[in-house]
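Student: I'd like to ask you about the structure that follows.
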Amino acid sequence: MATNVLGFSISMPIMIAPTAMQKMAHPEGELATARAAAAAGTIMVRKLKDHASLTLSSWATSSVEEVNSVGPGIRFFQLYVYKDRNIVRQLVKNAEVAGYKAIALTVDTPRLGRREASIKNRFTLPAHLVLKNFEALDLETVDKTNDSVLTSYVASQADSSLSWKDVKWLQTITSLPILVKGVVTAEDTRLAIEYGAAGIIVSNHGARQLDYVPATISCLEEVVREAKGRLPVFLDGGVRRGTDVFKALALGASGVFIGRPVLFSLAVDGEAGVRKVLQMLRDELELTMALSGCTSLGEITRAHVITDTDRILRARM
């Protein structure tokens, strides 16, 4: 069940996706999630292979330093490119100093999508919470003591000029490997490889950026085929059961990231809830493998799944 991600051994091909503002779900927020991720293997303080991987959102309500303080673990840092590139430099530097192992660069958000539920609910970050990764930054004239002002400022920094050149620029300010998150086509896969990405996360931002965007599982094989093994491809979105993990692996993913299941379980029972959902997914994946005749991850192949495209092609024969 153990696998390798960017040279790091983890206990299973199931990782935690970056999700913002987790203290809205539970008072311990990202700290509880980090502890659960670290404990997902055998013992929290043992070798890195004993841990699940966690990706911390840059819009977290706990800082990179606070999350690191819960103990050892493999952690990636999710990043947006902001209009003020000095913000990006500071965030990356803080992640490096805190020992994060990779950058997950979100490339599907040059502008925030129209999130009508948030508009209807008049969503704002509660007054007692703050985007902690920005609290210690040098933001010049921004009043960081006013949480609503800080949150609005960060949201306004989304850079609509985002391009593939920013991936190259990011490589000039960090030696950390860069995963490009938000790719769903062969064309963007080619560009990600051309511009030096260390990996691709097939993601549609939880389907919250654009209505009618295709499900990531339906895009996965196109990306894998274009990648041709030149870099690892991961799936983010829609994973709810161990059978979903199995299907993604069969279609060529090197692993999956889960978001909503973590938030839901965090809201229900904090750290214990996240531990439970990770264990459930692991157990379900093991059972699916056993009932499919697979004794190792390497034995999961394309022959184990039939897609809608397969059915159409067979019907035409």
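Ordered as shown in the structure tokens, chains take letters A, B, and onward, while each chain numbers its residues from 1 and ligands are numbered from 1 in the order shown.
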Using DSSP on the backbone, list every residue of segment 168-307 of chain A that comes out as helix (DSSP H, G or I), and give them as a count of residues only.
Tutor: 77
Student: Find the spatial neighbours of segment 33-36 of chain A, counting only C-alpha atoms, within a cut-off of 6 Å - ignore same-chain residues fewer than 3 positions away - and output them as a PyMOL selection string.
Tutor: chain A and resi 30+39+271+274-275
Student: Store the residues picked out above in a file with N, CA and C atoms, as an mmCIF file, in the first residue's frame.
Tutor:
data_model
loop_
_atom_site.group_PDB
_atom_site.id
_atom_site.type_symbol
_atom_site.label_atom_id
_atom_site.label_comp_id
_atom_site.auth_asym_id
_atom_site.auth_seq_id
_atom_site.Cartn_x
_atom_site.Cartn_y
_atom_site.Cartn_z
ATOM 1 N N GLU A 30 -6.644 23.259 10.870
ATOM 2 C CA GLU A 30 -5.529 22.621 10.173
ATOM 3 C C GLU A 30 -4.604 21.854 11.116
ATOM 4 N N ALA A 39 -0.507 10.793 11.702
ATOM 5 C CA ALA A 39 -0.800 9.534 12.385
ATOM 6 C C ALA A 39 -1.389 8.484 11.450
ATOM 7 N N GLU A 271 -9.784 15.901 14.941
ATOM 8 C CA GLU A 271 -8.688 15.022 14.537
ATOM 9 C C GLU A 271 -9.136 13.573 14.407
ATOM 10 N N VAL A 274 -10.898 12.968 11.101
ATOM 11 C CA VAL A 274 -10.015 12.904 9.935
ATOM 12 C C VAL A 274 -9.249 11.579 9.930
ATOM 13 N N ARG A 275 -8.807 11.149 11.096
ATOM 14 C CA ARG A 275 -8.146 9.835 11.176
ATOM 15 C C ARG A 275 -9.086 8.745 10.667
#
Student: Just the residues within 6 Å of segment 119-134 of chain A, please, counting only C-alpha atoms, with nothing from its chain fewer than 6 positions along; format it as a ChimeraX atom specification.
Tutor: /A:59-63,147
Student: To one decimal place in Å, what is the distance between atom CA of Leu278 of chain A and atom CA of Thr3 of chain A?
Tutor: 15.4 Å
Student: Applying 10 Å and only C-alpha atoms, which residues near Arg208 of chain A remain after dropping the ones on its own chain fewer than 6 positions away? List them as a list in words.
Tutor: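 Answer for this query is Leu112, Gly113, Arg114, Arg115 and Glu116 of chain A.
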Student: Take the residues from that selection and write them out as an mmCIF file, in the first residue's frame, keeping C-alpha atoms.
Tutor:
data_model
loop_
_atom_site.group_PDB
_atom_site.id
_atom_site.type_symbol
_atom_site.label_atom_id
_atom_site.label_comp_id
_atom_site.auth_asym_id
_atom_site.auth_seq_id
_atom_site.Cartn_x
_atom_site.Cartn_y
_atom_site.Cartn_z
ATOM 1 C CA LEU A 112 -12.412 33.826 -8.486
ATOM 2 C CA GLY A 113 -15.469 32.088 -9.892
ATOM 3 C CA ARG A 114 -18.955 33.403 -9.180
ATOM 4 C CA ARG A 115 -19.835 31.419 -6.080
ATOM 5 C CA GLU A 116 -23.520 32.140 -5.748
#
Student: From the set A:Ala250, A:Ala20, A:Leu79, A:Ile14, which residue has the shortest atom-to-atom contact distance to Ala40 of chain A, counting only C-alpha atoms?
Tutor: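 Closest to Ala40 of chain A of all the choices is A:Ile14.
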Student: Skipping near chain neighbours, those fewer than 2 positions away, what residues fall within 12 Å of Pro214 of chain A using only C-alpha atoms, listed as a VMD selection string?
Tutor: chain A and resid 183 to 185 202 to 212 216 to 220 237 to 238
Student: May I have the residues from that selection written out with N, CA, C and O atoms, as an mmCIF file, in the first residue's frame?
Tutor:
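Final file, selection39.cif:
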data_model
loop_
_atom_site.group_PDB
_atom_site.id
_atom_site.type_symbol
_atom_site.label_atom_id
_atom_site.label_comp_id
_atom_site.auth_asym_id
_atom_site.auth_seq_id
_atom_site.Cartn_x
_atom_site.Cartn_y
_atom_site.Cartn_z
ATOM 1 N N VAL A 183 -4.886 21.389 -13.881
ATOM 2 C CA VAL A 183 -4.761 20.963 -15.274
ATOM 3 C C VAL A 183 -5.815 19.901 -15.572
ATOM 4 O O VAL A 183 -5.998 18.965 -14.795
ATOM 5 N N VAL A 184 -6.518 20.040 -16.728
ATOM 6 C CA VAL A 184 -7.536 19.049 -17.111
ATOM 7 C C VAL A 184 -7.451 18.668 -18.587
ATOM 8 O O VAL A 184 -8.308 17.918 -19.075
ATOM 9 N N THR A 185 -6.442 19.161 -19.309
ATOM 10 C CA THR A 185 -6.347 18.879 -20.745
ATOM 11 C C THR A 185 -4.939 18.444 -21.138
ATOM 12 O O THR A 185 -3.961 18.727 -20.439
ATOM 13 N N VAL A 202 -4.574 16.909 -11.456
ATOM 14 C CA VAL A 202 -5.785 17.100 -12.256
ATOM 15 C C VAL A 202 -6.881 17.554 -11.301
ATOM 16 O O VAL A 202 -7.305 16.809 -10.415
ATOM 17 N N SER A 203 -7.341 18.787 -11.474
ATOM 18 C CA SER A 203 -8.273 19.376 -10.510
ATOM 19 C C SER A 203 -9.169 20.384 -11.199
ATOM 20 O O SER A 203 -8.748 21.075 -12.132
ATOM 21 N N ASN A 204 -10.416 20.475 -10.751
ATOM 22 C CA ASN A 204 -11.328 21.524 -11.227
ATOM 23 C C ASN A 204 -11.741 22.438 -10.081
ATOM 24 O O ASN A 204 -12.804 23.056 -10.133
ATOM 25 N N HIS A 205 -10.913 22.488 -9.057
ATOM 26 C CA HIS A 205 -11.153 23.367 -7.903
ATOM 27 C C HIS A 205 -12.460 23.002 -7.198
ATOM 28 O O HIS A 205 -13.219 23.873 -6.767
ATOM 29 N N GLY A 206 -12.704 21.696 -7.100
ATOM 30 C CA GLY A 206 -13.936 21.253 -6.450
ATOM 31 C C GLY A 206 -15.177 21.632 -7.210
ATOM 32 O O GLY A 206 -16.280 21.690 -6.640
ATOM 33 N N ALA A 207 -15.013 21.906 -8.524
ATOM 34 C CA ALA A 207 -16.118 22.333 -9.404
ATOM 35 C C ALA A 207 -16.738 23.646 -8.943
ATOM 36 O O ALA A 207 -17.891 23.938 -9.269
ATOM 37 N N ARG A 208 -15.967 24.458 -8.220
ATOM 38 C CA ARG A 208 -16.506 25.718 -7.694
ATOM 39 C C ARG A 208 -16.082 26.927 -8.515
ATOM 40 O O ARG A 208 -16.571 28.030 -8.284
ATOM 41 N N GLN A 209 -15.177 26.733 -9.482
ATOM 42 C CA GLN A 209 -14.725 27.862 -10.283
ATOM 43 C C GLN A 209 -15.623 28.106 -11.497
ATOM 44 O O GLN A 209 -15.882 29.245 -11.858
ATOM 45 N N LEU A 210 -16.061 27.014 -12.158
ATOM 46 C CA LEU A 210 -16.809 27.162 -13.408
ATOM 47 C C LEU A 210 -17.899 26.101 -13.489
ATOM 48 O O LEU A 210 -17.619 24.905 -13.371
ATOM 49 N N ASP A 211 -19.129 26.540 -13.709
ATOM 50 C CA ASP A 211 -20.227 25.593 -13.882
ATOM 51 C C ASP A 211 -19.993 24.730 -15.120
ATOM 52 O O ASP A 211 -19.445 25.190 -16.132
ATOM 53 N N TYR A 212 -20.394 23.481 -15.042
ATOM 54 C CA TYR A 212 -20.346 22.521 -16.149
ATOM 55 C C TYR A 212 -18.930 22.063 -16.506
ATOM 56 O O TYR A 212 -18.736 21.413 -17.534
ATOM 57 N N THR A 216 -13.133 15.544 -12.801
ATOM 58 C CA THR A 216 -11.701 15.302 -12.975
ATOM 59 C C THR A 216 -11.401 13.864 -13.390
ATOM 60 O O THR A 216 -10.459 13.622 -14.147
ATOM 61 N N ILE A 217 -12.200 12.903 -12.935
ATOM 62 C CA ILE A 217 -11.952 11.512 -13.312
ATOM 63 C C ILE A 217 -12.107 11.331 -14.818
ATOM 64 O O ILE A 217 -11.443 10.484 -15.425
ATOM 65 N N SER A 218 -12.969 12.158 -15.461
ATOM 66 C CA SER A 218 -13.162 12.058 -16.906
ATOM 67 C C SER A 218 -12.032 12.719 -17.690
ATOM 68 O O SER A 218 -11.889 12.483 -18.895
ATOM 69 N N CYS A 219 -11.237 13.542 -17.012
ATOM 70 C CA CYS A 219 -10.103 14.222 -17.650
ATOM 71 C C CYS A 219 -8.783 13.498 -17.408
ATOM 72 O O CYS A 219 -7.796 13.733 -18.115
ATOM 73 N N LEU A 220 -8.775 12.644 -16.414
ATOM 74 C CA LEU A 220 -7.521 12.056 -15.936
ATOM 75 C C LEU A 220 -6.756 11.318 -17.026
ATOM 76 O O LEU A 220 -5.549 11.534 -17.207
ATOM 77 N N GLY A 237 -10.388 15.669 -6.400
ATOM 78 C CA GLY A 237 -11.805 15.949 -6.612
ATOM 79 C C GLY A 237 -12.637 14.712 -6.865
ATOM 80 O O GLY A 237 -12.260 13.833 -7.647
ATOM 81 N N GLY A 238 -13.763 14.604 -6.172
ATOM 82 C CA GLY A 238 -14.717 13.537 -6.407
ATOM 83 C C GLY A 238 -14.415 12.229 -5.720
ATOM 84 O O GLY A 238 -15.169 11.263 -5.884
#
